[in-house]
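Asker: Dropping in data_6.json, which is JSON, C-alpha atoms:
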[["chain", "number", "residue", "atom", "x", "y", "z"],
["V", 1, "MET", "CA", 0.00, 0.00, 0.00],
["V", 2, "ASP", "CA", 2.86, 2.38, 0.82],
["V", 3, "TYR", "CA", 4.27, 1.96, -2.69],
["V", 4, "ALA", "CA", 0.87, 2.74, -4.23],
["V", 5, "VAL", "CA", 0.67, 5.99, -2.21],
["V", 6, "VAL", "CA", 4.20, 6.95, -3.26],
["V", 7, "CYS", "CA", 3.44, 6.25, -6.93],
["V", 8, "LEU", "CA", 0.20, 8.25, -6.79],
["V", 9, "VAL", "CA", 1.94, 11.20, -5.13],
["V", 10, "ALA", "CA", 4.73, 11.10, -7.73],
["V", 11, "SER", "CA", 2.24, 11.03, -10.61],
["V", 12, "ALA", "CA", 0.12, 13.83, -9.16],
["V", 13, "ALA", "CA", 3.14, 16.03, -8.42],
["V", 14, "SER", "CA", 4.51, 15.48, -11.93],
["V", 15, "ALA", "CA", 1.18, 16.49, -13.44],
["V", 16, "LEU", "CA", 0.90, 19.58, -11.21],
["V", 17, "THR", "CA", 4.36, 20.83, -12.13],
["V", 18, "LEU", "CA", 4.32, 19.94, -15.85],
["V", 19, "PHE", "CA", 3.63, 23.48, -17.02],
["V", 20, "SER", "CA", 5.20, 25.46, -14.19],
["V", 21, "GLY", "CA", 8.55, 23.71, -14.66],
["V", 22, "PHE", "CA", 9.42, 23.79, -10.97],
["V", 23, "GLY", "CA", 8.23, 22.50, -7.62],
["V", 24, "LEU", "CA", 8.42, 18.76, -8.24],
["V", 25, "GLY", "CA", 11.17, 18.14, -5.69],
["V", 26, "THR", "CA", 9.48, 20.38, -3.12],
["V", 27, "LEU", "CA", 6.32, 18.31, -3.38],
["V", 28, "LEU", "CA", 7.88, 14.86, -3.70],
["V", 29, "MET", "CA", 10.80, 14.83, -1.31],
["V", 30, "PRO", "CA", 8.76, 15.21, 1.91],
["V", 31, "ALA", "CA", 6.28, 12.59, 0.70],
["V", 32, "PHE", "CA", 9.07, 10.13, -0.10],
["V", 33, "ALA", "CA", 10.86, 10.92, 3.18],
["V", 34, "ALA", "CA", 7.74, 9.90, 5.10],
["V", 35, "PHE", "CA", 8.19, 6.34, 3.83],
["V", 36, "PHE", "CA", 11.94, 5.99, 3.14],
["V", 37, "PRO", "CA", 15.27, 7.19, 4.61],
["V", 38, "VAL", "CA", 16.20, 10.73, 3.48],
["V", 39, "PRO", "CA", 19.09, 9.71, 1.16],
["V", 40, "ALA", "CA", 16.81, 7.19, -0.58],
["V", 41, "ALA", "CA", 14.01, 9.78, -0.77],
["V", 42, "VAL", "CA", 16.35, 12.27, -2.44],
["V", 43, "GLY", "CA", 17.49, 9.60, -4.90],
["V", 44, "MET", "CA", 13.92, 8.61, -5.69],
["V", 45, "THR", "CA", 13.02, 12.26, -6.24],
["V", 46, "ALA", "CA", 15.95, 12.53, -8.66],
["V", 47, "VAL", "CA", 14.70, 9.51, -10.62],
["V", 48, "VAL", "CA", 11.20, 10.99, -10.90],
["V", 49, "HIS", "CA", 12.75, 14.33, -11.95],
["V", 50, "PHE", "CA", 14.75, 12.60, -14.66],
["V", 51, "LEU", "CA", 11.79, 10.63, -16.00],
["V", 52, "ASN", "CA", 9.58, 13.73, -15.89],
["V", 53, "ASN", "CA", 12.19, 15.68, -17.85],
["V", 54, "VAL", "CA", 12.46, 12.90, -20.45],
["V", 55, "PHE", "CA", 8.67, 13.03, -20.77],
["V", 56, "LYS", "CA", 8.73, 16.83, -21.19],
["V", 57, "LEU", "CA", 11.53, 16.53, -23.73],
["V", 58, "ALA", "CA", 9.42, 14.09, -25.76],
["V", 59, "LEU", "CA", 6.39, 16.41, -25.58],
["V", 60, "PHE", "CA", 8.00, 19.82, -26.02],
["V", 61, "GLY", "CA", 11.59, 19.18, -27.13],
["V", 62, "ARG", "CA", 11.17, 20.35, -30.71],
["V", 63, "ALA", "CA", 10.06, 23.77, -29.52],
["V", 64, "ALA", "CA", 12.93, 24.19, -27.03],
["V", 65, "ASP", "CA", 15.40, 27.00, -27.59],
["V", 66, "ARG", "CA", 18.80, 25.29, -27.85],
["V", 67, "GLU", "CA", 20.69, 28.26, -26.41],
["V", 68, "VAL", "CA", 18.46, 28.35, -23.33],
["V", 69, "VAL", "CA", 18.77, 24.57, -22.91],
["V", 70, "LEU", "CA", 22.57, 24.82, -23.01],
["V", 71, "ARG", "CA", 22.75, 27.86, -20.72],
["V", 72, "PHE", "CA", 20.53, 26.31, -18.07],
["V", 73, "GLY", "CA", 20.77, 22.57, -18.73],
["V", 74, "VAL", "CA", 24.54, 22.15, -18.57],
["V", 75, "PRO", "CA", 24.93, 23.97, -15.23],
["V", 76, "ALA", "CA", 21.91, 22.05, -13.89],
["V", 77, "VAL", "CA", 23.49, 18.70, -14.75],
["V", 78, "LEU", "CA", 26.80, 19.74, -13.18],
["V", 79, "ALA", "CA", 25.00, 20.97, -10.05],
["V", 80, "ALA", "CA", 23.07, 17.68, -9.86],
["V", 81, "PHE", "CA", 26.32, 15.72, -9.77],
["V", 82, "ALA", "CA", 27.74, 18.09, -7.13],
["V", 83, "GLY", "CA", 24.58, 17.69, -5.06],
["V", 84, "ALA", "CA", 24.72, 13.90, -5.32],
["V", 85, "TRP", "CA", 28.34, 13.95, -4.14],
["V", 86, "ALA", "CA", 27.42, 16.22, -1.21],
["V", 87, "LEU", "CA", 24.52, 13.93, -0.28],
["V", 88, "LEU", "CA", 26.80, 10.89, -0.21],
["V", 89, "TRP", "CA", 29.38, 12.77, 1.85],
["V", 90, "LEU", "CA", 26.80, 14.02, 4.38],
["V", 91, "ALA", "CA", 25.16, 10.60, 4.68],
["V", 92, "HIS", "CA", 28.38, 9.11, 6.07],
["V", 93, "LEU", "CA", 28.92, 11.71, 8.82],
["V", 94, "PRO", "CA", 28.02, 10.82, 12.42],
["V", 95, "ALA", "CA", 24.93, 12.13, 14.17],
["V", 96, "LEU", "CA", 25.10, 15.69, 15.51],
["V", 97, "ALA", "CA", 22.71, 15.14, 18.41],
["V", 98, "ALA", "CA", 20.31, 12.60, 19.86],
["V", 99, "TYR", "CA", 17.14, 13.05, 21.89],
["V", 100, "THR", "CA", 14.13, 11.14, 23.18],
["V", 101, "ALA", "CA", 10.55, 12.26, 22.68],
["V", 102, "PHE", "CA", 7.27, 10.41, 23.19],
["V", 103, "GLY", "CA", 9.13, 7.28, 24.22],
["V", 104, "ARG", "CA", 11.19, 7.10, 21.03],
["V", 105, "SER", "CA", 14.84, 7.94, 20.34],
["V", 106, "PHE", "CA", 15.79, 10.27, 17.50],
["V", 107, "GLU", "CA", 19.04, 11.47, 15.94],
["V", 108, "VAL", "CA", 19.82, 14.70, 14.14],
["V", 109, "ARG", "CA", 22.06, 13.61, 11.27],
["V", 110, "PRO", "CA", 23.91, 16.07, 9.00],
["V", 111, "VAL", "CA", 22.15, 14.77, 5.90],
["V", 112, "THR", "CA", 18.65, 15.18, 7.36],
["V", 113, "LEU", "CA", 19.50, 18.60, 8.77],
["V", 114, "ALA", "CA", 20.88, 19.79, 5.41],
["V", 115, "VAL", "CA", 17.90, 18.45, 3.46],
["V", 116, "GLY", "CA", 15.48, 19.95, 5.98],
["V", 117, "VAL", "CA", 17.11, 23.37, 5.78],
["V", 118, "LEU", "CA", 17.12, 23.23, 1.98],
["V", 119, "MET", "CA", 13.45, 22.17, 1.82],
["V", 120, "ALA", "CA", 12.43, 24.97, 4.18],
["V", 121, "GLY", "CA", 14.46, 27.44, 2.10],
["V", 122, "PHE", "CA", 12.87, 26.25, -1.15],
["V", 123, "ALA", "CA", 9.41, 26.49, 0.37],
["V", 124, "LEU", "CA", 10.08, 30.07, 1.51],
["V", 125, "PHE", "CA", 11.65, 31.00, -1.83]]
Would it be possible to restate this file's structure as structure tokens?

Answerer:
Amino acid sequence: MDYAVVCLVASAASALTLFSGFGLGTLLMPAFAAFFPVPAAVGMTAVVHFLNNVFKLALFGRAADREVVLRFGVPAVLAAFAGAWALLWLAHLPALAAYTAFGRSFEVRPVTLAVGVLMAGFALF
């Protein structure tokens, strides 16, 4: 059932952001993180982003301005690789703090803190 919910959220978010061109990660990442560890949720969001972009390329690619694609696409791909490297690096760092609430133990890990700060920043932006 969890996988069905995740697939439905991914499809709905992709449809909502088809014409705006942004917001897919902001909608998907928290939904994926509710069911999977944060590094996996980020990776799954990247896969949906890639497939959504392939779909948009098939639909609208002929009308794309090549200069704009090169000016924005190349830096975006380079930034994606840099972000993936940073995610892997942060995922291997030890926990920053630990606490107990409602009878459960929690850890503040660098990767979850960084992703949380970024998501809050994107939502405010």

Asker: Pick from V:Leu28, V:Ala33, V:Leu113, V:Leu59: nearest to Leu8 of chain V, with all atoms listed in the file counted?

Answerer: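 Among V:Leu28, V:Ala33, V:Leu113, V:Leu59, it is V:Leu28 that comes nearest to Leu8 of chain V.
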
Asker: Smallest atom-to-atom distance to Phe36 of chain V: which of V:Leu24, V:Leu78, V:Leu96, V:Val6, using only C-alpha atoms?

Answerer: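 Among V:Leu24, V:Leu78, V:Leu96, V:Val6, it is V:Val6 that comes nearest to Phe36 of chain V.
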
Asker: Residues near Val108 of chain V, anyone? I mean within 9 Å using only C-alpha atoms, not counting same-chain ones fewer than 2 positions away, as a list of chain:residue names.

Answerer: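 Result of the neighbour search: V:Ala95, V:Leu96, V:Ala97, V:Ala98, V:Tyr99, V:Phe106, V:Pro110, V:Val111, V:Thr112, V:Leu113.
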
Asker: Counting only C-alpha atoms, which of V:Phe22, V:Phe50, V:Phe35, V:Phe72 gets nearest to Ala123 of chain V?

Answerer: V:Phe22

Asker: Tell me, as a list of chain:residue names, which residues lie within 12 Å of Phe81 of chain V, counting only C-alpha atoms; anything in the same chain fewer than 6 positions away does not count.

Answerer: V:Gly43, V:Ala46, V:Val74, V:Pro75, V:Leu87, V:Leu88

Asker: Of the candidates V:Ala82, V:Val47, V:Met119, V:Ala101, which shows the shortest atom-to-atom distance to Thr26 of chain V, using only C-alpha atoms?

Answerer: V:Met119

Asker: With distances taken over all atoms listed in the file, which of V:Leu16, V:Val68, V:Gly121, V:Thr45 is nearest to Ala80 of chain V?

Answerer: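 Ranked by minimum distance to Ala80 of chain V, first place goes to V:Thr45.
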
Asker: In terms of the shortest atom-to-atom distance over only C-alpha atoms, which of V:Met44, V:Pro37, V:Gly103, V:Asn52 is closest to Phe19 of chain V?

Answerer: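 For Phe19 of chain V, the nearest of the candidates is V:Asn52.
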
Asker: What gap, in Å, lies between atom CA of Phe55 of chain V and atom CA of Val38 of chain V?

Answerer: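 Interatomic distance here is 25.5 Å.
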
Asker: Any idea what the distance is between atom CA of Ala4 of chain V and atom CA of Val54 of chain V?

Answerer: 22.4 Å

Asker: Please, what distance in Å, to one decimal, runs between atom CA of Ala12 of chain V and atom CA of Phe122 of chain V?

Answerer: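 Atom CA of Ala12 of chain V sits 19.5 Å away from atom CA of Phe122 of chain V.
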
Asker: Take every atom of segment 48-60 of chain V listed in the file, pad by 4 Å on each side, and give me the axis-aligned box centre and edge lengths in Å, one decimal, as lines of an AutoDock Vina configuration file.

Answerer:
center_x = 10.6
center_y = 15.2
center_z = -18.5
size_x = 16.4
size_y = 17.2
size_z = 23.1
